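As provided, data32.txt (compact mmCIF, C-alpha atoms) reads as follows.
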# COMPACT_ATOMS: atom_id res chain seq x y z
CA MET F 1 -34.78 -24.20 -29.07
CA SER F 2 -32.09 -21.93 -30.50
CA TYR F 3 -29.70 -19.65 -28.65
CA ASP F 4 -28.41 -16.30 -29.78
CA HIS F 5 -24.71 -17.12 -29.52
CA LYS F 6 -23.64 -13.49 -29.85
CA LYS F 7 -25.81 -12.53 -26.87
CA VAL F 8 -24.43 -15.41 -24.78
CA ASP F 9 -20.90 -14.41 -25.74
CA LYS F 10 -21.54 -10.84 -24.63
CA ILE F 11 -22.99 -11.91 -21.26
CA GLY F 12 -20.07 -14.27 -20.74
CA LYS F 13 -17.57 -11.51 -21.48
CA VAL F 14 -19.25 -9.15 -19.01
CA VAL F 15 -19.22 -11.85 -16.29
CA VAL F 16 -15.55 -12.70 -16.89
CA ASP F 17 -14.54 -9.02 -16.98
CA SER F 18 -16.34 -8.27 -13.72
CA LEU F 19 -14.75 -11.31 -12.06
CA MET F 20 -11.34 -10.16 -13.23
CA LEU F 21 -12.04 -6.67 -11.87
CA VAL F 22 -12.88 -8.19 -8.48
CA LEU F 23 -9.65 -10.21 -8.59
CA LEU F 24 -7.64 -7.10 -9.48
CA TRP F 25 -9.21 -5.18 -6.61
CA ALA F 26 -8.48 -8.04 -4.21
CA ILE F 27 -4.80 -8.07 -5.24
CA LEU F 28 -4.56 -4.27 -5.00
CA ILE F 29 -6.09 -4.13 -1.51
CA LEU F 30 -3.93 -7.00 -0.17
CA PRO F 31 -0.98 -4.85 1.07
CA ALA F 32 -3.39 -2.36 2.63
CA THR F 33 -4.93 -5.07 4.81
CA THR F 34 -1.70 -5.19 6.85
CA PHE F 35 -2.78 -1.92 8.47
CA SER F 36 -5.42 -3.78 10.45
CA LEU F 37 -2.89 -6.25 11.87
CA PHE F 38 -1.53 -3.93 14.56
CA LYS F 39 -3.55 -3.96 17.75
CA LEU F 40 -3.27 -2.46 21.19
CA ASP F 41 -3.21 -4.83 24.15
CA THR F 42 -6.36 -3.90 26.06
CA SER F 43 -6.41 -6.83 28.46
CA SER F 44 -4.88 -4.87 31.39
CA GLN F 45 -6.32 -1.46 30.55
CA ASN F 46 -9.68 0.15 30.68
CA VAL F 47 -10.18 1.32 27.13
CA LEU F 48 -12.69 4.04 27.95
CA SER F 49 -10.88 5.82 30.76
CA GLY F 50 -7.35 4.71 30.04
CA GLN F 51 -7.03 3.57 33.65
CA ASP F 52 -6.03 0.22 34.99
CA THR F 53 -9.14 -1.91 35.43
CA LYS F 54 -7.79 -3.14 38.73
CA ALA F 55 -8.58 -0.07 40.80
CA TRP F 56 -6.58 -1.46 43.70
CA PRO F 57 -3.70 -3.83 43.52
CA GLU F 58 -4.47 -7.33 44.67
CA ILE F 59 -3.63 -7.69 48.36
CA THR F 60 -3.07 -11.00 49.99
CA PRO F 61 -3.14 -10.73 53.76
CA SER F 62 0.23 -11.87 55.09
CA ASP F 63 -0.55 -11.30 58.77
CA ASN F 64 -3.01 -13.91 59.95
CA THR F 65 -3.57 -12.18 63.28
CA LYS F 66 -5.27 -9.20 61.66
CA SER F 67 -8.74 -9.18 60.26
CA TYR F 68 -9.40 -8.40 56.64
CA ARG F 69 -10.93 -5.06 57.64
CA GLU F 70 -7.87 -4.04 59.67
CA PHE F 71 -5.55 -5.05 56.86
CA ARG F 72 -7.49 -3.03 54.32
CA SER F 73 -7.51 0.09 56.50
CA GLU F 74 -3.71 -0.14 56.82
CA THR F 75 -3.27 -0.08 53.04
CA GLY F 76 -5.15 3.23 52.82
CA ASN F 77 -8.21 2.03 50.94
CA SER F 78 -11.31 2.62 52.98
CA ILE F 79 -13.74 -0.23 53.29
CA GLU F 80 -16.46 1.93 51.71
CA GLU F 81 -14.41 2.20 48.56
CA ILE F 82 -13.89 -1.54 48.33
CA ASN F 83 -17.41 -2.65 49.07
CA PRO F 84 -19.88 -0.13 50.48
CA ASP F 85 -22.28 -2.95 51.42
CA LEU F 86 -19.85 -4.29 54.04
CA ASP F 87 -20.32 -1.33 56.38
CA ARG F 88 -24.09 -1.50 56.28
CA MET V 1 -9.61 -5.60 -25.51
CA ILE V 2 -10.84 -4.92 -21.95
CA SER V 3 -10.04 -8.52 -20.96
CA ARG V 4 -6.52 -8.20 -22.36
CA THR V 5 -5.89 -5.01 -20.41
CA LEU V 6 -7.34 -6.50 -17.23
CA ILE V 7 -5.22 -9.64 -17.54
CA ARG V 8 -2.17 -7.45 -18.04
CA LEU V 9 -3.06 -5.33 -14.98
CA ILE V 10 -3.62 -8.42 -12.80
CA ASP V 11 -0.30 -9.81 -14.03
CA GLN V 12 1.48 -6.57 -13.14
CA ALA V 13 -0.22 -6.23 -9.74
CA ILE V 14 0.98 -9.52 -8.21
CA VAL V 15 4.72 -8.73 -7.88
CA PRO V 16 4.34 -5.33 -6.14
CA ALA V 17 1.66 -6.79 -3.82
CA MET V 18 4.01 -9.56 -2.67
CA LEU V 19 6.90 -7.09 -2.42
CA LEU V 20 4.85 -4.71 -0.27
CA LEU V 21 3.73 -7.50 2.06
CA CYS V 22 7.35 -8.63 2.50
CA VAL V 23 8.54 -5.06 3.12
CA ARG V 24 5.80 -4.51 5.68
CA PHE V 25 6.65 -7.63 7.73
CA VAL V 26 10.44 -7.37 7.38
CA SER V 27 10.45 -3.68 8.38
CA MET V 28 8.16 -4.42 11.33
CA VAL V 29 10.35 -7.27 12.60
CA LEU V 30 13.52 -5.21 12.07
CA LEU V 31 12.13 -2.17 13.89
CA THR V 32 10.89 -4.18 16.86
CA TYR V 33 14.23 -5.99 17.06
CA LEU V 34 16.37 -2.84 16.74
CA PHE V 35 14.38 -0.74 19.21
CA GLY V 36 13.55 -3.55 21.62
CA ILE V 37 9.79 -3.18 21.26
CA LYS V 38 7.85 -6.12 22.60
CA PHE V 39 4.85 -7.55 20.80
CA ALA V 40 2.72 -10.66 20.88
CA ILE V 41 1.37 -12.58 17.93
CA SER V 42 -2.25 -13.53 18.36
CA SER V 43 -5.04 -14.65 16.07
CA GLY V 44 -6.03 -11.01 15.52
CA GLY V 45 -2.54 -9.90 14.49
CA PHE V 46 0.36 -8.21 16.26
CA THR V 47 -0.50 -6.92 19.71
CA PHE V 48 1.54 -4.08 21.23
CA SER V 49 1.49 -2.89 24.82
CA SER V 50 1.30 0.87 24.13
CA LYS V 51 -0.13 3.17 21.50
CA GLU V 52 3.26 4.88 21.07
CA ASP V 53 4.75 1.57 19.92
CA ILE V 54 1.96 1.12 17.36
CA LEU V 55 2.43 4.71 16.16
CA PHE V 56 6.18 4.18 15.74
CA ILE V 57 6.01 0.76 14.05
CA ASN V 58 3.06 1.65 11.82
CA SER V 59 4.63 4.94 10.71
CA TYR V 60 8.06 3.66 9.81
CA SER V 61 6.90 0.42 8.17
CA THR V 62 4.47 2.50 6.06
CA LEU V 63 7.38 4.79 5.17
CA ALA V 64 9.38 1.71 4.07
CA MET V 65 6.46 0.70 1.82
CA ILE V 66 6.27 4.20 0.34
CA VAL V 67 10.05 4.26 -0.27
CA ILE V 68 9.91 0.86 -2.03
CA LEU V 69 6.98 2.02 -4.16
CA GLY V 70 8.83 5.26 -4.96
CA THR V 71 11.95 3.32 -6.01
CA GLY V 72 9.91 0.98 -8.22
CA LEU V 73 8.10 3.90 -9.81
CA LEU V 74 11.41 5.72 -10.40
CA TYR V 75 12.71 2.66 -12.31
CA ILE V 76 9.51 2.50 -14.41
CA LEU V 77 9.58 6.24 -15.10
CA ILE V 78 13.27 6.15 -16.16
CA LYS V 79 12.37 3.33 -18.56
CA ALA V 80 9.38 5.34 -19.83
CA LEU V 81 11.35 8.56 -20.32
CA TYR V 82 14.60 7.23 -21.79
CA PHE V 83 14.02 3.64 -22.96
CA HIS V 84 10.48 3.90 -24.36
CA ASP V 85 10.43 2.15 -27.76
CA THR V 86 8.52 5.01 -29.37
CA HIS V 87 11.03 7.75 -28.57
CA ILE V 88 14.37 6.15 -27.65
CA SER V 89 17.30 7.79 -29.46
CA PRO V 90 19.25 5.70 -32.03
CA GLN V 91 22.51 6.28 -30.10
CA LEU V 92 20.99 4.96 -26.86
CA THR V 93 19.48 1.98 -28.71
CA THR V 94 22.95 1.05 -30.00
CA LYS V 95 24.43 1.37 -26.51
CA VAL V 96 21.64 -0.71 -24.94
CA PHE V 97 22.07 -3.52 -27.48
CA HIS V 98 25.86 -3.33 -27.11
CA HIS V 99 25.55 -3.94 -23.35
CA ARG V 100 22.89 -6.63 -23.93
CA LEU V 101 20.25 -4.71 -21.98
CA SER V 102 17.58 -4.78 -24.66
CA THR V 103 14.96 -5.81 -22.05
CA LEU V 104 15.04 -2.20 -20.86
CA ILE V 105 13.34 -1.11 -24.08
CA GLN V 106 9.61 -1.64 -23.59
CA SER V 107 6.39 -0.79 -25.37
CA SER V 108 3.82 1.76 -24.20
CA PHE V 109 1.38 -0.96 -23.16
CA GLU V 110 3.93 -2.63 -20.86
CA LEU V 111 5.22 0.63 -19.38
CA TYR V 112 1.85 2.26 -18.77
CA SER V 113 0.29 -0.86 -17.22
CA GLN V 114 3.25 -1.12 -14.82
CA GLY V 115 3.17 2.60 -14.08
CA VAL V 116 -0.57 2.66 -13.42
CA ILE V 117 -0.43 -0.31 -11.02
CA TRP V 118 2.47 1.09 -8.99
CA LEU V 119 0.78 4.51 -8.90
CA ILE V 120 -2.48 2.95 -7.67
CA TYR V 121 -0.54 1.24 -4.86
CA LEU V 122 1.15 4.50 -3.90
CA TYR V 123 -2.14 6.45 -3.86
CA LEU V 124 -3.87 3.66 -1.92
CA ILE V 125 -1.16 3.42 0.76
CA SER V 126 -1.00 7.23 1.07
CA THR V 127 -4.79 7.53 1.42
CA ILE V 128 -5.04 4.79 4.05
CA SER V 129 -2.11 6.26 6.01
CA LEU V 130 -3.85 9.66 5.85
CA ILE V 131 -6.99 8.12 7.38
CA LEU V 132 -4.86 6.46 10.08
CA ALA V 133 -3.01 9.74 10.69
CA VAL V 134 -6.34 11.41 11.48
CA PHE V 135 -6.86 8.81 14.23
CA ASP V 136 -3.26 9.23 15.42
CA TYR V 137 -2.09 5.77 14.36
CA VAL V 138 0.49 7.11 11.87
CA HIS V 139 2.66 10.25 11.97
CA PHE V 140 1.05 12.97 9.88
CA TRP V 141 4.11 13.56 7.67
CA ILE V 142 4.01 9.97 6.32
CA PRO V 143 0.93 10.49 4.05
CA VAL V 144 2.35 13.88 3.06
CA VAL V 145 5.54 12.17 1.79
CA GLY V 146 3.37 9.56 0.03
CA PHE V 147 1.23 12.15 -1.73
CA ILE V 148 4.31 14.18 -2.79
CA PHE V 149 5.82 11.01 -4.37
CA SER V 150 2.48 10.17 -6.04
CA GLY V 151 2.03 13.70 -7.39
CA VAL V 152 5.56 13.87 -8.87
CA ALA V 153 5.25 10.36 -10.39
CA THR V 154 1.84 11.19 -11.91
CA LEU V 155 3.26 14.40 -13.41
CA VAL V 156 6.25 12.59 -14.96
CA LEU V 157 3.98 9.84 -16.35
CA ILE V 158 1.69 12.46 -17.90
CA MET V 159 4.75 14.15 -19.45
CA ASP V 160 5.72 10.81 -20.99
CA VAL V 161 2.18 10.27 -22.33
CA GLU V 162 2.40 13.73 -23.96
CA LYS V 163 5.75 12.77 -25.51
CA GLU V 164 4.17 9.54 -26.74
CA LEU V 165 1.25 11.43 -28.31
CA GLU V 166 3.65 13.83 -30.03
CA SER V 167 5.67 10.96 -31.50
CA THR V 168 2.44 9.25 -32.64
CA GLU V 169 1.32 12.46 -34.39
CA ASP V 170 4.73 12.77 -36.04
CA SER V 171 4.52 9.20 -37.33
CA TYR V 172 1.07 9.95 -38.83
CA VAL V 173 2.49 12.98 -40.65
CA GLU V 174 5.39 10.89 -41.94
CA GLU V 175 2.97 8.23 -43.22
CA GLU V 176 0.77 10.78 -44.96
CA SER V 177 3.52 12.80 -46.65
CA PRO V 178 4.57 10.23 -49.37
CA VAL V 179 0.95 10.09 -50.60
CA ASP V 180 0.96 13.86 -51.05
CA ILE V 181 4.15 13.69 -53.09
CA ASN V 182 2.65 11.00 -55.32
CA LEU V 183 -0.47 13.08 -55.90
CA GLU V 184 1.63 16.07 -56.86
CA ALA V 185 3.69 13.90 -59.21
CA LYS V 186 0.48 12.69 -60.92
CA LYS V 187 -0.72 16.24 -61.44
Please, can you express the file's structure as structure tokens?
Amino acid sequence: MSYDHKKVDKIGKVVVDSLMLVLLWAILILPATTFSLFKLDTSSQNVLSGQDTKAWPEITPSDNTKSYREFRSETGNSIEEINPDLDR
Amino acid sequence: MISRTLIRLIDQAIVPAMLLLCVRFVSMVLLTYLFGIKFAISSGGFTFSSKEDILFINSYSTLAMIVILGTGLLYILIKALYFHDTHISPQLTTKVFHHRLSTLIQSSFELYSQGVIWLIYLYLISTISLILAVFDYVHFWIPVVGFIFSGVATLVLIMDVEKELESTEDSYVEEESPVDINLEAKK
């Protein structure tokens, strides 16, 4: 079985050239990849509305004599807003 | 021939790539330190608390990259215009050798491969910053500055190529003229 060496040489050259092109492109694009490194901290923000995900600040009842419902009504947030099912 | 050109281009692309990466990180660290901007390093990259901080850091570190690329291109263009081996003046050649700066004199292949690579970087950075400017992640004047630099550098490089072509044509005429004289002498 004989090989056409010229044909093999040509195919080899094309493969090597295309690999080198890929390498060149990879080097060229390297500095541009730094643009994707900067990110916004979305852990405390609602991305869609731009509002804080915690609609109400966390309240820990300090007065043990009052019920949870009384404490909530003092802070200004109605019980319906917190959990509408509670009033039903 | 293609392989030789590609190897040359790859060789020329490594140094500016490393330089740009360094400039990006150094400028970012300097800006955050000077303006007291807080950031966190996570697996995804640098996380900032507000979009204004990202806009500021992104814009000015991109500007630093563009300025570095512009400076590098200016050096290459000065070499191409005044120290190009095809059209450097004899007086300047004497001066250059006298001061032992003969490395400044370069061939067309070296100069154009360097010029093309640095220009590609400048166009690439300007285009990406333009895309980011559309989404308000970079100030809009940053890509404008980048494209102005790229346009001027491209124009100067084209002027040098024209000069090169003129000198090549002149050398052809000089080579052909002695043959004409000999033919006339034979007649």
Closest atom pairs, chain F residues within 7 Å of chain V, only C-alpha atoms, as a tab-separated table:
residue	atom	partner	partner_atom	distance
F:Asp17	CA	V:Ser3	CA	6.0
F:Met20	CA	V:Leu6	CA	6.7
F:Leu24	CA	V:Ile10	CA	5.4
F:Ile27	CA	V:Ile14	CA	6.7
F:Leu28	CA	V:Ala13	CA	6.7
F:Leu30	CA	V:Ala17	CA	6.7
F:Pro31	CA	V:Leu21	CA	5.5
F:Ala32	CA	V:Ile125	CA	6.5
F:Leu37	CA	V:Gly45	CA	4.5
F:Phe38	CA	V:Phe46	CA	5.0
F:Lys39	CA	V:Thr47	CA	4.7
F:Leu40	CA	V:Phe48	CA	5.1
F:Asp41	CA	V:Ser49	CA	5.1
CA of Leu73 (chain V) and CA of Leu111 (chain V), how far apart in Å?
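Those two atoms sit 10.5 Å apart.
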So, counting all atoms listed in the file, which residue among V:Gln91, V:Ser59, V:Thr168, V:Thr32 is closest to Ser108 (chain V)?
V:Thr168
Just give me the gap between CA of Ser126 (chain V) and CA of Val22 (chain F) in Å, one decimal is fine.
21.7 Å
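Interatomic distance, CA of Ile142 (chain V) against CA of Leu63 (chain V): 6.3 Å.
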Using all atoms listed in the file for the distances, tell me which of V:Gly115, V:Thr5, V:His98, V:Phe56 is nearest to Asp136 (chain V).
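Looking at the shortest contact to Asp136 (chain V), the residue is V:Phe56.
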Give me the residues near Phe149 (chain V) as an MDAnalysis selection string, where near means some atom within 8 Å (using all atoms listed in the file) and where sequence neighbours in that chain fewer than 4 positions away do not count.
chainID V and resid 70 145 153
Writing out the chosen residues with C-alpha atoms as a compact mmCIF listing (two decimals), in the frame of the given file:
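Resulting contents of again_35.txt:
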# COMPACT_ATOMS: atom_id res chain seq x y z
CA GLY V 70 8.83 5.26 -4.96
CA VAL V 145 5.54 12.17 1.79
CA ALA V 153 5.25 10.36 -10.39
